[in-house]
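Since the structure comes first, as structure tokens, the remarks are kept for the end.
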Amino acid sequence: MSEPYVPILFMLGLGFAFAALSVFTSLVVGPKRYNRAKLEAYECGIQPSPQAAGGGRIPIKYYLTAMLFIVFDIESVFLYPFAVAFNKLGLFALVEMVLFILTVFVAYAYVWRRGGLDWD
Amino acid sequence: MTAVAPAAFQQSNVDYVAILPMLIVASAALVGVLVEAFAPRRRRHVIQVSLAVVGLLAAFAAVVWVAVDPNKVGHKGLTMGFTDGTTNHSVFALAIDGPALFMQGSIVLMGVLGILTMAERFGGVGPDAFTPSGASTPGSASESAAARAGALTSEVFPLTMFAIFGMMIFPTTNDLIGMFVALEVLSLPLYILSGLARRRRLLSQEASLKYFLLGAFSSAFFLFGTALLYGYAGSVYFGDLSKAVATGPLAMNGLLLPGAFLVFVGLLFKVGAVPFHAWTPDVYQGAPTPVTGFMAACTKAAAFGAILRLAYVGLDTARWEWTNAVVIVAILTMVVGSVLSVTQTDMKRLLAYSSIAHAGFILVGVLAFDRKGVGAVLFYLVAYGFSTIAAFGIVSLVRQNGGEATHLSQWAGLGKRYPLTAGAFAFLMLAFAGIPLTSGFVSKFGVFSAAIGTGGATGTTLAVIGVVCSAITVFVYARVIVLMFFSDAPDDAVEVVTPSMATTFSIAIGTLITLALGVLPSSLLDLADRASQFVR
């Protein structure tokens with residue numbers, strides 16, 4: 001058993017324990033008030049029918065949302081290591097990071113102006 | 001097991017002047033996205049086209065500025081160092097050398113012509129070749145409803161700019177990961193652009209899907225090859241790779257050959273070399289014609305730039321391992337491209353097979369393994385690129401009932417009714433065939449003589465096969481010319497629509513450069529020769 005992996009194993013155990021505890025707690029103490037929407041197969045609101053409403057077309061809104069998520073996902077993927085190593089990286093990395101976020105915001109501005117954030 | 005100390009971070013050293021051309025194109029693309037978001041709808045087309053053209057011309061000026069500065073050429077544009085405590089190792093990710101600058105300059109100029117042909121509106125609201133809504137037929141009620149709802153096609157210009165940005169990095173990058181990123185940056189916009197045709201939409205969307213799926217496969221091959229080469233050399237940088245091969249067998253010797261092959265598959269796919277050519281005819285036929293012209297010229301140039309760098313800098317010391325495979329690919333490409341072009345009945349497919357054959361001829365120059373070969377390849381790419389943009393520009397003008405008439409039989413008798421257009425097209429056909437006084441002759445002469453000069457017996461064999469295949473393609477092009485000038489027009493004759501100044505300009509420039517490089521090639525040959533030295 002090598003030393004550096006002990007914290008990782010501990011973290012893994014902690015993660016499992018947290019998930020199990022959360023599920024168990026909500027089972028025990030959570031309120032159970034059922035209604036029709038709650039009992040549907042997909043709680044997100046899509047009707048589980050062979051034919052979607054409006055002639056077989058599936059709305060692509062979810063797809064757009066998922067794509068938008070990637071914009072911010074990638075941003076945070078780079079922001080985390082940057083934040084951790086901020087002290088060592090210095091001004092150069094700060095400027096680079098600002099440029100990177102500005103670039104991501106170009107995509108965000110495009111989506112906002114072209115109606116990608118409107119649900120209807 | 002002991003923990004490995006992380007390599008100390010050392011700030012990367014960026015020479016912003018040396019990478020200025022790429023920065024300009026990338027910023028123009030980003031500003032284009034903002035224009036799409038904020039500019040009033042009616043002005044967007046004009047703003048986007050002028051932004052793209054001005055950005056590309058500024059990038060060209062920057063390329064020239066970097067190229068005339070002797071301190072910048074042979075420069076390592078983006079260098080990084082890292083240390084493991086004992087040694088200090090420095091690598092560079094972008095090589096600003098002759099071939100890179102030459103490719104960047106020519107891609108940018110061909111990009112200008114490509115943008116101008118894409119901007120053709122024929123008096124409409126948006127670009128004529130692109131659809132604002134992929135589900136509606138041209139002129140239908142649903143198309144105008146989509147236009148009223150704000151669906152525009154001016155996004156094609158930022159997309160093209162992003163593609164050009166990727167194409168500029170592709171021949172410049174000096175490591176496998178950078179090359180992969182550039183490959184994706186140039187490919188993703190092209191996948192979208194090829195699915196946007198306004199007429200024959202289904203063909204276009206099918207082409208886009210095919211291109212995307214096959215392109216994704218080839219990218220995966222490239223990435224897998226990168227992993228294997230990294231396993232072999234312990235580095236993705238071309239300099240380290242070359243050194244690792246030269247210093248003798250390592251523990252992971254078996255990884256070199258599969259890695260090199262897989263990386264080559266990814267690159268040869270992009271140039272449409274046989275047996276990785278299956279997408280070419282379908283995509284060239286399905287994509288909007290201006291996009292096809294842009295793709296044929298610029299993607300080919302960028303991908304061959306990358307192949308040159310990989311073959312001459314990264315895997316040069318391992319050349320004996322992989323040359324034979326690429327020789328076979330070159331022979332197959334020339335033979336299949338020229339033989340299958342004989343049977344084509346669609347003009348765009350014919351030009352696609354012709355572009356496959358040309359890829360084979362260019363590979364012959366690559367396989368010369370000599371500075372002369374590099375210069376010849378660079379010249380060939382420029383000459384072929386300008387001719388092919390002009391040729392596809394003319395294809396987009398020959399129409400029947402509003403749509404393009406691409407079947408060969410529809411071109412019968414075109415020369416009698418539209419002598420100027422047909423004459424220009426015939427001239428471009430002669431250039432593709434490699435007849436003297438056209439740029440095609442000079443470029444073919446360049447690659448074949450380089451192959452005979454330094455390629456040894458293999459080079460001579462390749463050159464002989466190349467000449468035979470050129471002779472086959474002469475038949476194809478001559479048949480088109482005969483069809484245009486010596487046969488009678490059918491009753492439902494096609495017409496040549498009158499394009500805007502921009503399209504006329506790009507067709508005229510493409511044709512004139514084809515002529516100029518055929519009559520007075522020495523200045524560009526000289527430039528290509530001086531630009532043929534790679535930095536290591």
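Here's how to read the names in the structure tokens: chain A, B, ... by the order shown, residue numbers from 1 in each chain, ligand numbers from 1 in the order shown.
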ask   = If we count only C-alpha atoms, what is near Ala302 of chain B at a cut-off of 10 Å, once residues fewer than 6 positions away on the same chain are taken out, given as a list in words?
value =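 These residues fall inside the cut-off: Ala100, Met103, Gln104, Ser106, Ile107, Ile164, Gly166, Met167, Met168, Ile169, Phe170, Pro171, Thr172, Ala182, Leu183, Leu186, Lys270, Val271, Leu308 and Leu381 of chain B.
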Hey, which bits of chain A sit within 7 Å of chain B, and for each residue what's the closest pair of atoms and how far apart in Å (one decimal), counting only C-alpha atoms, rows by chain and increasing number, as a Markdown table?
| residue | atom | partner | partner_atom | distance |
| --- | --- | --- | --- | --- |
| A:Ser2 | CA | B:Met1 | CA | 6.4 |
| A:Val106 | CA | B:Leu34 | CA | 6.4 |
| A:Ala109 | CA | B:Ala37 | CA | 6.7 |
| A:Tyr110 | CA | B:Ala37 | CA | 4.8 |
| A:Arg113 | CA | B:Ala37 | CA | 5.2 |
| A:Arg114 | CA | B:Ala37 | CA | 6.2 |
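Within segment 357-508 of chain B, DSSP applied to the backbone places the following residues in strand (DSSP E): Val398, Arg399, Gln400, Gly403, Glu404, Glu495 and Val496 of chain B.
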Hey, can you spit out that residue selection with C-alpha atoms as a JSON list (two decimals), in the first residue's frame?
[["chain", "number", "residue", "atom", "x", "y", "z"],
["B", 398, "VAL", "CA", -24.02, 27.36, -64.97],
["B", 399, "ARG", "CA", -27.67, 26.97, -64.09],
["B", 400, "GLN", "CA", -30.98, 25.61, -65.16],
["B", 403, "GLY", "CA", -30.35, 25.46, -59.66],
["B", 404, "GLU", "CA", -26.87, 24.47, -60.73],
["B", 495, "GLU", "CA", -27.79, 29.49, -68.89],
["B", 496, "VAL", "CA", -24.82, 31.20, -67.32]]
ask   = Can you list every residue in chain A that DSSP puts in alpha helix (DSSP H), as a ChimeraX atom specification?
value = /A:6-29,36-39,61-84,86-113
task = Excluding segment 474-484 of chain B and any residue of its chain fewer than 6 positions from it, enumerate the residues within 10 Å of it, using only C-alpha atoms, and give them as a PyMOL selection string.
result = chain B and resi 338-344+347+350-351+354+408-419+422-423+425-435+468
Selection file, N, CA and C atoms, as a compact mmCIF listing (two decimals), in the first residue's frame:
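Result written to part06.txt:
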# COMPACT_ATOMS: atom_id res chain seq x y z
N SER B 338 -7.43 9.16 -61.45
CA SER B 338 -7.52 9.48 -62.87
C SER B 338 -8.42 8.50 -63.60
N VAL B 339 -8.37 7.21 -63.24
CA VAL B 339 -9.20 6.25 -63.98
C VAL B 339 -10.68 6.48 -63.68
N LEU B 340 -11.01 6.71 -62.41
CA LEU B 340 -12.43 6.89 -62.09
C LEU B 340 -12.96 8.22 -62.59
N SER B 341 -12.08 9.22 -62.78
CA SER B 341 -12.60 10.48 -63.31
C SER B 341 -13.10 10.31 -64.74
N VAL B 342 -12.62 9.26 -65.43
CA VAL B 342 -13.07 9.03 -66.81
C VAL B 342 -14.56 8.71 -66.85
N THR B 343 -15.06 7.99 -65.83
CA THR B 343 -16.44 7.50 -65.90
C THR B 343 -17.44 8.47 -65.29
N GLN B 344 -16.98 9.64 -64.83
CA GLN B 344 -17.92 10.52 -64.14
C GLN B 344 -18.83 11.27 -65.10
N MET B 347 -20.30 17.09 -63.09
CA MET B 347 -19.13 17.97 -63.14
C MET B 347 -18.42 18.04 -61.79
N LEU B 350 -16.61 14.88 -61.12
CA LEU B 350 -15.43 14.81 -61.99
C LEU B 350 -14.28 15.62 -61.37
N LEU B 351 -14.62 16.83 -60.92
CA LEU B 351 -13.57 17.66 -60.31
C LEU B 351 -13.08 17.03 -59.01
N SER B 354 -10.71 14.42 -59.98
CA SER B 354 -9.51 15.09 -60.44
C SER B 354 -8.69 15.58 -59.24
N LEU B 408 -22.92 16.48 -66.86
CA LEU B 408 -22.05 16.82 -67.98
C LEU B 408 -22.85 17.12 -69.24
N SER B 409 -23.94 16.35 -69.48
CA SER B 409 -24.68 16.53 -70.74
C SER B 409 -25.29 17.92 -70.81
N GLN B 410 -25.53 18.53 -69.65
CA GLN B 410 -26.13 19.86 -69.66
C GLN B 410 -25.13 20.92 -70.10
N TRP B 411 -23.85 20.58 -70.07
CA TRP B 411 -22.83 21.55 -70.45
C TRP B 411 -22.58 21.55 -71.97
N ALA B 412 -23.30 20.69 -72.69
CA ALA B 412 -23.06 20.59 -74.14
C ALA B 412 -23.37 21.93 -74.80
N GLY B 413 -22.48 22.34 -75.69
CA GLY B 413 -22.71 23.55 -76.46
C GLY B 413 -22.58 24.84 -75.68
N LEU B 414 -22.06 24.76 -74.48
CA LEU B 414 -21.94 25.97 -73.66
C LEU B 414 -21.00 26.97 -74.31
N GLY B 415 -19.96 26.46 -74.97
CA GLY B 415 -18.95 27.32 -75.56
C GLY B 415 -19.50 28.20 -76.67
N LYS B 416 -20.55 27.73 -77.38
CA LYS B 416 -21.09 28.53 -78.48
C LYS B 416 -21.91 29.68 -77.95
N ARG B 417 -22.56 29.47 -76.80
CA ARG B 417 -23.47 30.50 -76.30
C ARG B 417 -22.78 31.42 -75.30
N TYR B 418 -21.86 30.87 -74.55
CA TYR B 418 -21.15 31.70 -73.56
C TYR B 418 -19.66 31.49 -73.74
N PRO B 419 -19.08 32.05 -74.81
CA PRO B 419 -17.68 31.73 -75.11
C PRO B 419 -16.71 32.15 -74.00
N ALA B 422 -17.11 29.65 -70.92
CA ALA B 422 -16.65 28.32 -71.33
C ALA B 422 -15.16 28.36 -71.65
N GLY B 423 -14.69 29.49 -72.23
CA GLY B 423 -13.27 29.61 -72.53
C GLY B 423 -12.44 29.57 -71.26
N PHE B 425 -13.31 28.24 -68.43
CA PHE B 425 -13.38 26.91 -67.85
C PHE B 425 -12.48 25.95 -68.61
N ALA B 426 -12.48 26.06 -69.95
CA ALA B 426 -11.62 25.20 -70.75
C ALA B 426 -10.16 25.43 -70.41
N PHE B 427 -9.81 26.70 -70.18
CA PHE B 427 -8.44 27.01 -69.82
C PHE B 427 -8.06 26.36 -68.48
N LEU B 428 -9.01 26.42 -67.52
CA LEU B 428 -8.74 25.80 -66.22
C LEU B 428 -8.61 24.29 -66.37
N MET B 429 -9.43 23.70 -67.26
CA MET B 429 -9.33 22.26 -67.52
C MET B 429 -7.95 21.91 -68.05
N LEU B 430 -7.44 22.77 -68.98
CA LEU B 430 -6.10 22.54 -69.52
C LEU B 430 -5.06 22.63 -68.41
N ALA B 431 -5.30 23.55 -67.46
CA ALA B 431 -4.36 23.67 -66.34
C ALA B 431 -4.38 22.40 -65.49
N PHE B 432 -5.59 21.87 -65.23
CA PHE B 432 -5.67 20.62 -64.46
C PHE B 432 -4.96 19.49 -65.20
N ALA B 433 -5.07 19.52 -66.55
CA ALA B 433 -4.44 18.46 -67.33
C ALA B 433 -2.93 18.63 -67.36
N GLY B 434 -2.44 19.85 -67.13
CA GLY B 434 -1.01 20.07 -67.14
C GLY B 434 -0.45 20.39 -68.50
N ILE B 435 -1.21 21.15 -69.30
CA ILE B 435 -0.74 21.56 -70.61
C ILE B 435 0.20 22.76 -70.44
N VAL B 468 1.76 8.92 -66.81
CA VAL B 468 0.72 8.11 -67.47
C VAL B 468 -0.66 8.53 -66.98
request  = Could you tell me how far atom CA of Phe485 of chain B lies from atom CA of Gly286 of chain B, in Å and to one decimal?
outcome  =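 Answer for the atom CA of Phe485 of chain B to atom CA of Gly286 of chain B separation: 27.3 Å.
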request  = Compile the contact shell of segment 109-125 of chain B as a PyMOL selection string: residues with an atom at most 6 Å away, counting only C-alpha atoms, same-chain residues fewer than 4 positions apart removed.
outcome  = chain B and resi 53+290+294+502-503+506
Between atom CA of Gly314 of chain B and atom CA of Ser242 of chain B, distance in Å (one decimal) =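 According to the coordinates, atom CA of Gly314 of chain B and atom CA of Ser242 of chain B are separated by 5.2 Å.
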